[in-house]
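File shown here: final08.pdb, holding PDB, C-alpha atoms and all ligand atoms.
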```
ATOM      1  CA  MET P 233     -56.164  29.639  18.323
ATOM      2  CA  GLU P 234     -57.775  32.985  17.673
ATOM      3  CA  THR P 235     -60.649  34.432  19.667
ATOM      4  CA  ARG P 236     -62.383  35.842  16.607
ATOM      5  CA  GLU P 237     -63.200  32.248  15.584
ATOM      6  CA  VAL P 238     -65.901  32.400  18.257
ATOM      7  CA  PHE P 239     -68.258  34.061  15.833
ATOM      8  CA  SER P 240     -67.517  32.090  12.660
ATOM      9  CA  SER P 241     -70.055  29.388  11.776
ATOM     10  CA  PRO P 242     -68.680  26.102  10.497
ATOM     11  CA  SER P 243     -70.367  24.000   7.786
ATOM     12  CA  PRO P 244     -72.856  21.300   8.925
ATOM     13  CA  SER P 245     -70.423  18.477   8.006
ATOM     14  CA  PHE P 246     -67.695  20.064  10.122
ATOM     15  CA  GLN P 247     -65.905  17.509  12.355
ATOM     16  CA  PRO P 248     -63.921  19.453  14.952
ATOM     17  CA  HIS P 249     -60.556  18.134  16.070
ATOM     18  CA  LEU P 250     -59.875  18.153  19.809
ATOM     19  CA  SER P 251     -56.149  18.377  20.495
ATOM     20  CA  GLU P 252     -54.621  16.987  23.677
ATOM     21  CA  ALA P 253     -53.858  20.510  24.907
ATOM     22  CA  GLU P 254     -57.458  21.633  24.316
ATOM     23  CA  PHE P 255     -58.782  18.540  26.080
ATOM     24  CA  LYS P 256     -56.564  19.261  29.110
ATOM     25  CA  LEU P 257     -57.755  22.882  29.265
ATOM     26  CA  LEU P 258     -61.425  21.908  29.185
ATOM     27  CA  GLN P 259     -60.955  18.930  31.525
ATOM     28  CA  THR P 260     -59.307  21.255  34.090
ATOM     29  CA  LEU P 261     -62.001  23.896  33.677
ATOM     30  CA  VAL P 262     -64.756  21.337  34.346
ATOM     31  CA  TYR P 263     -62.870  19.989  37.374
ATOM     32  CA  GLU P 264     -62.370  23.453  38.824
ATOM     33  CA  GLN P 265     -66.016  24.339  38.295
ATOM     34  CA  CYS P 266     -67.756  21.260  39.693
ATOM     35  CA  GLY P 267     -65.223  18.684  40.895
ATOM     36  CA  MET P 268     -66.098  16.143  38.191
ATOM     37  CA  HIS P 269     -62.962  14.399  37.050
ATOM     38  CA  PHE P 270     -62.851  12.865  33.579
ATOM     39  CA  ASP P 271     -59.917  10.446  33.591
ATOM     40  CA  GLU P 272     -58.911   8.222  30.638
ATOM     41  CA  ARG P 273     -61.834   5.865  31.271
ATOM     42  CA  ARG P 274     -64.355   8.688  30.899
ATOM     43  CA  SER P 275     -62.561  10.988  28.481
ATOM     44  CA  HIS P 276     -64.712   9.795  25.548
ATOM     45  CA  PHE P 277     -67.841  10.950  27.333
ATOM     46  CA  LEU P 278     -66.373  14.408  27.923
ATOM     47  CA  GLU P 279     -65.165  14.594  24.318
ATOM     48  CA  ASP P 280     -68.575  13.600  22.969
ATOM     49  CA  ARG P 281     -70.371  16.249  25.046
ATOM     50  CA  LEU P 282     -67.824  18.917  24.065
ATOM     51  CA  VAL P 283     -68.340  18.162  20.382
ATOM     52  CA  ARG P 284     -72.115  18.488  20.812
ATOM     53  CA  ARG P 285     -71.797  21.844  22.584
ATOM     54  CA  LEU P 286     -69.257  23.144  20.081
ATOM     55  CA  LYS P 287     -71.622  22.303  17.208
ATOM     56  CA  ALA P 288     -74.644  23.746  19.005
ATOM     57  CA  ARG P 289     -72.706  26.965  19.524
ATOM     58  CA  GLN P 290     -71.453  26.861  15.939
ATOM     59  CA  LEU P 291     -67.875  27.424  16.970
ATOM     60  CA  SER P 292     -64.971  26.239  14.899
ATOM     61  CA  SER P 293     -62.408  25.258  17.506
ATOM     62  CA  PHE P 294     -62.322  23.939  21.055
ATOM     63  CA  TYR P 295     -59.905  26.644  22.053
ATOM     64  CA  SER P 296     -62.394  29.337  21.060
ATOM     65  CA  TYR P 297     -65.073  27.399  22.969
ATOM     66  CA  TYR P 298     -62.786  27.334  26.029
ATOM     67  CA  GLN P 299     -62.175  31.061  25.726
ATOM     68  CA  PHE P 300     -65.894  31.721  25.446
ATOM     69  CA  LEU P 301     -66.601  29.652  28.565
ATOM     70  CA  THR P 302     -64.171  31.733  30.584
ATOM     71  CA  THR P 303     -65.823  35.073  29.697
ATOM     72  CA  PRO P 304     -68.780  36.583  31.620
ATOM     73  CA  GLU P 305     -70.944  36.071  28.472
ATOM     74  CA  GLY P 306     -70.103  32.359  28.546
ATOM     75  CA  LYS P 307     -71.534  31.818  32.042
ATOM     76  CA  ASP P 308     -74.823  30.319  30.830
ATOM     77  CA  GLU P 309     -73.034  28.094  28.349
ATOM     78  CA  LEU P 310     -70.762  26.855  31.135
ATOM     79  CA  ALA P 311     -73.811  25.950  33.228
ATOM     80  CA  LEU P 312     -75.257  24.141  30.200
ATOM     81  CA  LEU P 313     -72.025  22.246  29.560
ATOM     82  CA  LEU P 314     -71.876  21.094  33.196
ATOM     83  CA  GLU P 315     -75.501  20.058  32.921
ATOM     84  CA  THR P 316     -74.770  17.863  29.869
ATOM     85  CA  LEU P 317     -71.906  16.226  31.781
ATOM     86  CA  THR P 318     -73.937  15.168  34.799
ATOM     87  CA  ILE P 319     -75.250  11.635  35.097
ATOM     88  CA  ASN P 320     -78.735  11.949  36.537
ATOM     89  CA  GLU P 321     -79.469   8.253  36.973
ATOM     90  CA  THR P 322     -81.556   7.745  40.088
ATOM     91  CA  SER P 323     -84.567   5.858  41.432
ATOM     92  CA  PHE P 324     -86.982   5.647  44.340
ATOM     93  CA  PHE P 325     -85.894   3.492  47.297
ATOM     94  CA  ARG P 326     -82.399   3.058  45.873
ATOM     95  CA  ASN P 327     -80.238   0.757  48.023
ATOM     96  CA  LYS P 328     -82.960  -0.799  50.168
ATOM     97  CA  ALA P 329     -80.623  -2.225  52.835
ATOM     98  CA  GLN P 330     -79.176   1.208  53.513
ATOM     99  CA  LEU P 331     -82.617   2.819  53.654
ATOM    100  CA  ASP P 332     -83.748   0.163  56.151
ATOM    101  CA  LEU P 333     -80.831   1.174  58.376
ATOM    102  CA  PHE P 334     -81.852   4.814  57.992
ATOM    103  CA  HIS P 335     -85.538   4.186  58.604
ATOM    104  CA  LYS P 336     -85.320   1.750  61.497
ATOM    105  CA  ASP P 337     -82.129   2.555  63.385
ATOM    106  CA  VAL P 338     -80.908   6.047  62.529
ATOM    107  CA  MET P 339     -84.331   7.709  62.626
ATOM    108  CA  GLU P 340     -85.174   5.992  65.911
ATOM    109  CA  GLU P 341     -81.901   7.142  67.491
ATOM    110  CA  ILE P 342     -82.275  10.723  66.234
ATOM    111  CA  LEU P 343     -85.944  11.104  67.230
ATOM    112  CA  HIS P 344     -85.206   9.805  70.699
ATOM    113  CA  ARG P 345     -82.133  12.014  71.168
ATOM    114  CA  LYS P 346     -83.899  15.126  69.851
ATOM    115  CA  GLN P 347     -87.051  14.595  71.846
ATOM    116  CA  GLU P 348     -84.975  14.375  75.023
ATOM    117  CA  ARG P 349     -83.470  17.750  74.225
ATOM    118  CA  ARG P 350     -86.793  19.210  73.139
ATOM    119  CA  ASP P 351     -85.285  19.975  69.763
ATOM    120  CA  TRP P 352     -88.136  19.448  67.301
ATOM    121  CA  THR P 353     -86.412  20.284  64.029
ATOM    122  CA  LEU P 354     -85.050  17.629  61.730
ATOM    123  CA  ARG P 355     -82.869  18.819  58.858
ATOM    124  CA  VAL P 356     -81.955  16.402  56.092
ATOM    125  CA  TRP P 357     -79.962  17.217  52.958
ATOM    126  CA  SER P 358     -80.039  15.214  49.743
ATOM    127  CA  ALA P 359     -76.851  16.521  48.100
ATOM    128  CA  GLY P 360     -76.782  15.695  44.394
ATOM    129  CA  CYS P 361     -80.492  14.878  44.400
ATOM    130  CA  SER P 362     -80.961  14.569  40.634
ATOM    131  CA  ARG P 363     -84.720  14.600  39.832
ATOM    132  CA  GLY P 364     -85.920  14.230  43.412
ATOM    133  CA  HIS P 365     -86.465  10.486  43.797
ATOM    134  CA  GLU P 366     -84.045  10.333  46.729
ATOM    135  CA  ALA P 367     -85.491  13.378  48.524
ATOM    136  CA  TYR P 368     -89.102  12.146  48.177
ATOM    137  CA  THR P 369     -88.042   8.661  49.312
ATOM    138  CA  LEU P 370     -86.557  10.268  52.429
ATOM    139  CA  ALA P 371     -89.709  12.330  52.973
ATOM    140  CA  MET P 372     -91.859   9.174  52.893
ATOM    141  CA  LEU P 373     -89.549   7.261  55.218
ATOM    142  CA  ILE P 374     -89.282  10.139  57.687
ATOM    143  CA  CYS P 375     -93.056  10.673  57.845
ATOM    144  CA  ASP P 376     -93.466   6.957  58.342
ATOM    145  CA  ALA P 377     -90.835   6.796  61.065
ATOM    146  CA  LEU P 378     -92.450   9.739  62.887
ATOM    147  CA  ALA P 379     -95.901   8.126  62.745
ATOM    148  CA  TYR P 380     -94.554   4.821  64.047
ATOM    149  CA  TYR P 381     -92.560   6.549  66.780
ATOM    150  CA  TYR P 382     -95.689   8.315  68.090
ATOM    151  CA  LEU P 383     -97.763   5.158  67.864
ATOM    152  CA  ARG P 384     -95.435   3.764  70.539
ATOM    153  CA  ASN P 385     -94.737   7.051  72.382
ATOM    154  CA  PRO P 386     -98.021   8.974  72.197
ATOM    155  CA  LEU P 387     -97.899  12.747  72.316
ATOM    156  CA  PRO P 388     -99.336  14.346  75.487
ATOM    157  CA  PHE P 389    -102.065  16.082  73.427
ATOM    158  CA  GLU P 390    -104.680  15.161  70.809
ATOM    159  CA  MET P 391    -103.386  14.980  67.259
ATOM    160  CA  PRO P 392    -105.287  17.329  64.885
ATOM    161  CA  VAL P 393    -107.620  15.659  62.364
ATOM    162  CA  PRO P 394    -106.846  15.017  59.539
ATOM    163  CA  ARG P 395    -103.492  13.876  60.849
ATOM    164  CA  PRO P 396    -100.665  15.960  59.397
ATOM    165  CA  LEU P 397     -97.751  14.115  57.740
ATOM    166  CA  VAL P 398     -95.417  15.646  60.287
ATOM    167  CA  PRO P 399     -96.920  15.585  63.794
ATOM    168  CA  PRO P 400     -96.552  18.864  65.716
ATOM    169  CA  PRO P 401     -94.361  20.193  67.242
ATOM    170  CA  TRP P 402     -91.950  18.547  64.776
ATOM    171  CA  LYS P 403     -90.619  20.445  61.795
ATOM    172  CA  VAL P 404     -89.005  18.438  59.004
ATOM    173  CA  GLU P 405     -86.917  20.212  56.375
ATOM    174  CA  ILE P 406     -85.481  18.231  53.489
ATOM    175  CA  LEU P 407     -83.162  20.184  51.247
ATOM    176  CA  ALA P 408     -82.636  18.655  47.804
ATOM    177  CA  SER P 409     -79.767  20.214  45.877
ATOM    178  CA  ASP P 410     -78.011  19.704  42.559
ATOM    179  CA  ILE P 411     -76.066  21.571  39.877
ATOM    180  CA  SER P 412     -78.456  20.528  37.145
ATOM    181  CA  TYR P 413     -81.228  23.112  36.775
ATOM    182  CA  SER P 414     -83.361  20.789  34.669
ATOM    183  CA  ALA P 415     -83.103  18.056  37.340
ATOM    184  CA  LEU P 416     -84.112  20.580  40.031
ATOM    185  CA  ARG P 417     -87.093  21.711  37.978
ATOM    186  CA  ALA P 418     -88.239  18.117  37.498
ATOM    187  CA  GLY P 419     -87.872  17.481  41.233
ATOM    188  CA  GLU P 420     -89.905  20.549  42.085
ATOM    189  CA  GLU P 421     -92.704  19.404  39.761
ATOM    190  CA  GLY P 422     -92.589  15.956  41.363
ATOM    191  CA  ASN P 423     -94.148  14.086  38.403
ATOM    192  CA  TYR P 424     -93.111  10.486  37.861
ATOM    193  CA  SER P 425     -94.045   7.845  35.307
ATOM    194  CA  GLU P 426     -95.550   4.455  36.135
ATOM    195  CA  HIS P 427     -92.194   2.908  35.274
ATOM    196  CA  GLU P 428     -90.311   5.172  37.689
ATOM    197  CA  MET P 429     -92.850   4.393  40.405
ATOM    198  CA  GLU P 430     -92.204   0.639  40.254
ATOM    199  CA  PRO P 431     -90.086   0.565  43.469
ATOM    200  CA  VAL P 432     -92.787   2.511  45.356
ATOM    201  CA  ASN P 433     -95.227   0.100  47.008
ATOM    202  CA  PHE P 434     -98.972   0.676  46.850
ATOM    203  CA  SER P 435     -99.406   1.939  50.384
ATOM    204  CA  TYR P 436     -96.722   4.596  49.836
ATOM    205  CA  ARG P 437     -98.298   5.558  46.496
ATOM    206  CA  MET P 438    -101.684   5.995  48.133
ATOM    207  CA  ARG P 439    -100.386   8.036  51.042
ATOM    208  CA  TYR P 440     -97.866  10.276  49.321
ATOM    209  CA  PHE P 441     -98.866  10.594  45.636
ATOM    210  CA  ASP P 442    -101.783  11.672  43.488
ATOM    211  CA  LYS P 443    -102.411   9.967  40.172
ATOM    212  CA  ALA P 444    -103.186  12.078  37.124
ATOM    213  CA  GLY P 445    -103.411  10.392  33.710
ATOM    214  CA  ASP P 446    -100.400   8.170  33.181
ATOM    215  CA  HIS P 447     -98.210   9.693  35.857
ATOM    216  CA  TYR P 448     -97.989  10.196  39.603
ATOM    217  CA  THR P 449     -97.388  13.518  41.366
ATOM    218  CA  ALA P 450     -95.997  13.890  44.883
ATOM    219  CA  LYS P 451     -98.790  15.269  47.082
ATOM    220  CA  LYS P 452     -98.651  18.948  48.022
ATOM    221  CA  ALA P 453     -98.018  18.090  51.687
ATOM    222  CA  VAL P 454     -94.964  16.024  50.683
ATOM    223  CA  ARG P 455     -93.672  18.676  48.291
ATOM    224  CA  GLU P 456     -93.930  21.209  51.121
ATOM    225  CA  ILE P 457     -91.390  19.241  53.160
ATOM    226  CA  VAL P 458     -88.863  19.131  50.309
ATOM    227  CA  GLN P 459     -87.124  22.288  49.164
ATOM    228  CA  PHE P 460     -85.132  22.152  45.893
ATOM    229  CA  ASP P 461     -82.178  24.475  45.483
ATOM    230  CA  PHE P 462     -78.976  24.898  43.484
ATOM    231  CA  HIS P 463     -75.778  24.080  45.381
ATOM    232  CA  ASN P 464     -72.457  23.224  43.809
ATOM    233  CA  LEU P 465     -70.596  20.804  46.073
ATOM    234  CA  LYS P 466     -67.331  22.226  44.784
ATOM    235  CA  THR P 467     -67.895  25.504  46.634
ATOM    236  CA  ASP P 468     -67.245  26.218  50.294
ATOM    237  CA  PHE P 469     -70.660  27.757  50.941
ATOM    238  CA  LEU P 470     -72.805  24.754  51.672
ATOM    239  CA  PRO P 471     -75.943  24.308  53.802
ATOM    240  CA  GLN P 472     -75.130  24.012  57.500
ATOM    241  CA  ARG P 473     -76.775  22.447  60.579
ATOM    242  CA  ASN P 474     -77.912  19.196  58.996
ATOM    243  CA  ASP P 475     -78.774  16.173  61.091
ATOM    244  CA  ILE P 476     -78.395  13.858  58.123
ATOM    245  CA  ILE P 477     -76.724  14.166  54.730
ATOM    246  CA  PHE P 478     -77.388  11.805  51.856
ATOM    247  CA  CYS P 479     -74.774  12.195  49.143
ATOM    248  CA  ARG P 480     -75.036   9.032  47.116
ATOM    249  CA  ASN P 481     -73.490   8.289  43.748
ATOM    250  CA  VAL P 482     -72.011  11.769  43.414
ATOM    251  CA  MET P 483     -68.507  11.465  44.930
ATOM    252  CA  ILE P 484     -67.868   8.620  42.541
ATOM    253  CA  TYR P 485     -67.350  11.228  39.777
ATOM    254  CA  PHE P 486     -64.786  13.193  41.836
ATOM    255  CA  ASP P 487     -61.094  12.401  42.228
ATOM    256  CA  GLU P 488     -59.565  11.512  45.598
ATOM    257  CA  ALA P 489     -58.465  15.044  46.477
ATOM    258  CA  GLU P 490     -61.958  16.405  45.809
ATOM    259  CA  GLN P 491     -63.584  13.562  47.753
ATOM    260  CA  LYS P 492     -61.396  14.363  50.775
ATOM    261  CA  ARG P 493     -62.273  18.053  50.557
ATOM    262  CA  LEU P 494     -65.981  17.251  50.299
ATOM    263  CA  LEU P 495     -65.903  14.964  53.347
ATOM    264  CA  GLU P 496     -64.262  17.744  55.367
ATOM    265  CA  LYS P 497     -67.008  20.148  54.252
ATOM    266  CA  PHE P 498     -69.740  17.630  55.081
ATOM    267  CA  TYR P 499     -68.223  17.235  58.556
ATOM    268  CA  ARG P 500     -68.738  20.952  59.128
ATOM    269  CA  CYS P 501     -72.223  20.857  57.565
ATOM    270  CA  LEU P 502     -73.400  18.178  60.010
ATOM    271  CA  ASN P 503     -74.717  18.731  63.520
ATOM    272  CA  PRO P 504     -72.887  16.876  66.305
ATOM    273  CA  ASP P 505     -73.545  13.111  66.042
ATOM    274  CA  GLY P 506     -75.021  13.663  62.565
ATOM    275  CA  TYR P 507     -75.070  10.958  59.894
ATOM    276  CA  LEU P 508     -73.711  10.750  56.368
ATOM    277  CA  PHE P 509     -74.961   8.244  53.803
ATOM    278  CA  VAL P 510     -72.913   7.594  50.666
ATOM    279  CA  GLY P 511     -73.591   5.379  47.645
ATOM    280  CA  HIS P 512     -73.280   1.607  47.450
ATOM    281  CA  ALA P 513     -70.011   1.797  45.483
ATOM    282  CA  GLU P 514     -68.600   4.598  47.623
ATOM    283  CA  SER P 515     -66.667   4.393  50.889
ATOM    284  CA  LEU P 516     -64.839   6.739  53.248
ATOM    285  CA  PHE P 517     -62.026   4.236  53.697
ATOM    286  CA  GLY P 518     -58.691   6.025  53.356
ATOM    287  CA  LEU P 519     -60.434   9.362  52.781
ATOM    288  CA  SER P 520     -61.476  10.555  56.235
ATOM    289  CA  GLU P 521     -61.103   9.472  59.837
ATOM    290  CA  ARG P 522     -63.705  11.888  61.133
ATOM    291  CA  TYR P 523     -66.626   9.465  60.768
ATOM    292  CA  ARG P 524     -67.393   6.060  62.270
ATOM    293  CA  LEU P 525     -68.792   3.327  60.086
ATOM    294  CA  ILE P 526     -72.155   1.853  61.022
ATOM    295  CA  HIS P 527     -73.004  -1.427  59.347
ATOM    296  CA  ARG P 528     -76.195  -3.384  59.885
ATOM    297  CA  ASP P 529     -77.818  -6.039  57.692
ATOM    298  CA  ASN P 530     -75.868  -4.938  54.614
ATOM    299  CA  GLY P 531     -76.733  -1.287  55.121
ATOM    300  CA  THR P 532     -74.004   1.236  55.859
ATOM    301  CA  ALA P 533     -73.910   4.783  57.179
ATOM    302  CA  TYR P 534     -71.273   7.031  58.725
ATOM    303  CA  GLN P 535     -71.635   9.033  61.920
ATOM    304  CA  ARG P 536     -69.666  12.165  62.737
ATOM    305  CA  ILE P 537     -67.079  11.517  65.441
ATOM    306  CA  GLU P 538     -67.114  14.209  68.104
ATOM    307  CA  VAL P 539     -63.722  15.399  69.257
ATOM    308  CA  VAL P 540     -63.509  16.135  72.983
ATOM    309  CA  GLU P 541     -61.315  19.233  73.336
TER     310      GLU P 541
HETATM  311  C1  LIG I   1     -76.055   9.732  39.661
HETATM  312  S1  LIG I   1     -76.933  11.126  40.299
HETATM  313  C2  LIG I   1     -77.297  10.559  41.936
HETATM  314  C3  LIG I   1     -78.690  10.922  42.372
HETATM  315  C4  LIG I   1     -79.090  10.390  43.769
HETATM  316  N1  LIG I   1     -78.233  10.911  44.788
HETATM  317  C5  LIG I   1     -79.081   8.889  43.787
HETATM  318  O1  LIG I   1     -78.165   8.279  44.347
HETATM  319  O2  LIG I   1     -80.004   8.288  43.210
HETATM  320  C6  LIG I   1     -75.607  12.290  40.574
HETATM  321  C7  LIG I   1     -76.080  13.723  40.725
HETATM  322  O3  LIG I   1     -75.023  14.529  41.239
HETATM  323  C8  LIG I   1     -75.093  15.822  40.654
HETATM  324  N2  LIG I   1     -73.795  16.493  40.772
HETATM  325  C9  LIG I   1     -72.644  16.230  40.105
HETATM  326  N3  LIG I   1     -71.687  17.103  40.455
HETATM  327  C10 LIG I   1     -72.238  17.932  41.371
HETATM  328  C11 LIG I   1     -71.746  19.059  42.100
HETATM  329  N4  LIG I   1     -70.503  19.514  41.949
HETATM  330  N5  LIG I   1     -72.595  19.690  42.941
HETATM  331  C12 LIG I   1     -73.872  19.248  43.092
HETATM  332  N6  LIG I   1     -74.390  18.203  42.434
HETATM  333  C13 LIG I   1     -73.584  17.544  41.571
HETATM  334  C14 LIG I   1     -75.507  15.518  39.230
HETATM  335  O4  LIG I   1     -76.078  16.635  38.594
HETATM  336  C15 LIG I   1     -76.473  14.367  39.397
HETATM  337  O5  LIG I   1     -77.808  14.798  39.443
END
```
Write the structure described by the file as structure tokens, please.
Ligand SMILES: C[S@@+](CC[C@H](N)C(=O)[O-])C[C@H]1O[C@@H](n2cnc3c(N)ncnc32)[C@H](O)[C@@H]1O
Amino acid sequence: METREVFSSPSPSFQPHLSEAEFKLLQTLVYEQCGMHFDERRSHFLEDRLVRRLKARQLSSFYSYYQFLTTPEGKDELALLLETLTINETSFFRNKAQLDLFHKDVMEEILHRKQERRDWTLRVWSAGCSRGHEAYTLAMLICDALAYYYLRNPLPFEMPVPRPLVPPPWKVEILASDISYSALRAGEEGNYSEHEMEPVNFSYRMRYFDKAGDHYTAKKAVREIVQFDFHNLKTDFLPQRNDIIFCRNVMIYFDEAEQKRLLEKFYRCLNPDGYLFVGHAESLFGLSERYRLIHRDNGTAYQRIEVVE
């Protein structure tokens, strides 16, 4: 275990051996950096990615790779390693029943409550957004919900023509965040293949996308509502004052202690009476008592419980 091995280049047929101690060191480093926990079931995945990075870096031992990662020069490599460990699987309109609950019930309740208070800003955060499908799905559903709301409750003034996606005086801000830079870049570009667009019905495609060649691009007006940014959910400095947080299929990669910490942080990141949406296979049961479960037609959400002091 010598640091000078960092600069030696192994032969192409080199098959590095990962000892248990080295695995533990790297597993702990990854956990401390991003909260992802690789238990026995997922240790092969971590091992496979470590081997790839070790070879790409032309290092001869995992200990030297670990040492490199913990130096200031290894910062970019650490970001790259975390990137190769993320699972970016996502899709438009994922978990339809839950989105129906969001679109029909939660949006209606929030718009009504906010309008009464003359608070015209809606802040939504897609935490662990991957390549943007979730954030753009939310943008479409929010614009739709706003249009439908004002069809039934007309504004006291003429709407400008052409009608903006977000009727004034409303301001909608959707923050889409991730730790994968390549996923964030893809989200910002907003280009999706025909195959990816399958769950998007034709009327949504026509209203919110342009078609160029064999792919679709989110329209400029939609991209203006969604802001992509790097945020590591492991840190304490997370975006505040959100009305709604979507964090779906992210906590599943964290262990229980990290999930509990994250739910505490989300509580503080939400406005009073704000909503949290988690993935289909995720639940807050046994993790936090600070949210109430809302369940309707197979869709679930959690609402922040306000404590009366
Ligand atoms: C399976 S995708 C889920 C995407 C989307 N939320 C959905 O449900 O379709 C999980 C995403 O979480 C991100 N992620 C993992 N750990 C993270 C962390 N510590 N901070 C922020 N994002 C993280 C990954 O990079 C990945 O893009």
Which centre and edge lengths in Å to one decimal define the box along x, y and z that fits every listed atom of ligand LIG 1 (chain I) plus 5 Å per side, as lines of an AutoDock Vina configuration file?
```
center_x = -75.3
center_y = 14.0
center_z = 41.7
size_x = 19.5
size_y = 21.4
size_z = 16.2
```
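Taking all atoms listed in the file into account, ligand LIG 1 (chain I) lies nearest to P:Ile319 out of the set P:Leu278, P:Ala288, P:Leu310, P:Ile319.
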Protein and nucleic residues near ligand LIG 1 (chain I), 9 Å, all atoms listed in the file, as a PyMOL selection string:
chain P and resi 263+265-268+314-327+358-367+409-413+415-416+462-467+478-486+510-512
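Nearest-residue note for Lys328 (chain P): choosing from P:Thr369, P:Gln347, P:Gln247, P:Asn385, the minimum distance belongs to P:Thr369, counting only C-alpha atoms.
Each of P:Lys307, P:Arg345, P:Lys443, P:Lys336 was checked against Ile374 (chain P) using only C-alpha atoms; the smallest atom-to-atom distance is that of P:Lys336.
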Using only C-alpha atoms, can you tell me which of P:Val356, P:Leu470, P:Leu370, P:Ala253 comes closest to Tyr436 (chain P)?
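For Tyr436 (chain P), the nearest of the given residues is P:Leu370.
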Could you please determine the separation between CA of Glu521 (chain P) and CA of His269 (chain P) in Å, to one decimal place?
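It comes out at 23.4 Å.
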Kindly give the distance, in Å, that separates CA of Leu397 (chain P) and CA of Phe334 (chain P), rounded to a single decimal.
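Interatomic distance here is 18.4 Å.
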Give the answer as one residue: which of P:Ile526, P:Leu373, P:Glu496, P:Arg289 has the shortest atom-to-atom distance to Leu301 (chain P), using all atoms listed in the file?
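Smallest distance to Leu301 (chain P) is found for P:Arg289.
Residue selection for this entry, given the PyMOL selection byres (((chain P and resi 381) around 12) and not hetatm), comprises P:His335, P:Lys336, P:Asp337, P:Met339, P:Glu340, P:Glu341, P:Ile342, P:Leu343, P:His344, P:Gln347, P:Leu373, P:Ile374, P:Cys375, P:Asp376, P:Ala377, P:Leu378, P:Ala379, P:Tyr380, P:Tyr382, P:Leu383, P:Arg384, P:Asn385, P:Pro386, P:Leu387, P:Val398, P:Pro399.
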Work out how far CA of Leu354 (chain P) is from CA of Lys452 (chain P), in Å to one decimal.
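Atom-to-atom, CA of Lys452 (chain P) and CA of Leu354 (chain P) are spaced 19.4 Å apart.
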For this structure, which residues satisfy the selection - the PyMOL selection byres (((chain P and resi 279) around 12) and not hetatm) - when it is evaluated on the file as given? I want them as a VMD selection string.
chain P and resid 248 to 252 254 to 256 258 to 259 270 to 278 280 to 286 294 313 316 to 317
Can you spell out as a list in words the set of residues that the PyMOL selection byres (((chain P and resi 501) around 8) and not hetatm) selects in the structure I just provided?
Leu470, Pro471, Gln472, Arg473, Asn474, Lys497, Phe498, Tyr499, Arg500, Leu502 and Asn503 of chain P
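Closest approach to Thr353 (chain P) among P:Val454, P:Leu495, P:Ala418, P:Lys403 is made by P:Lys403 (distances from all atoms listed in the file).
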Compile the contact shell of Arg439 (chain P) as a list in words: residues with an atom at most 10 Å away, counting all atoms listed in the file, same-chain residues fewer than 2 positions apart removed.
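Contacts, with the query itself left out: Met372, Leu397, Phe434, Ser435, Tyr436, Arg437, Phe441, Asp442, Ala450, Lys451 and Val454 of chain P.
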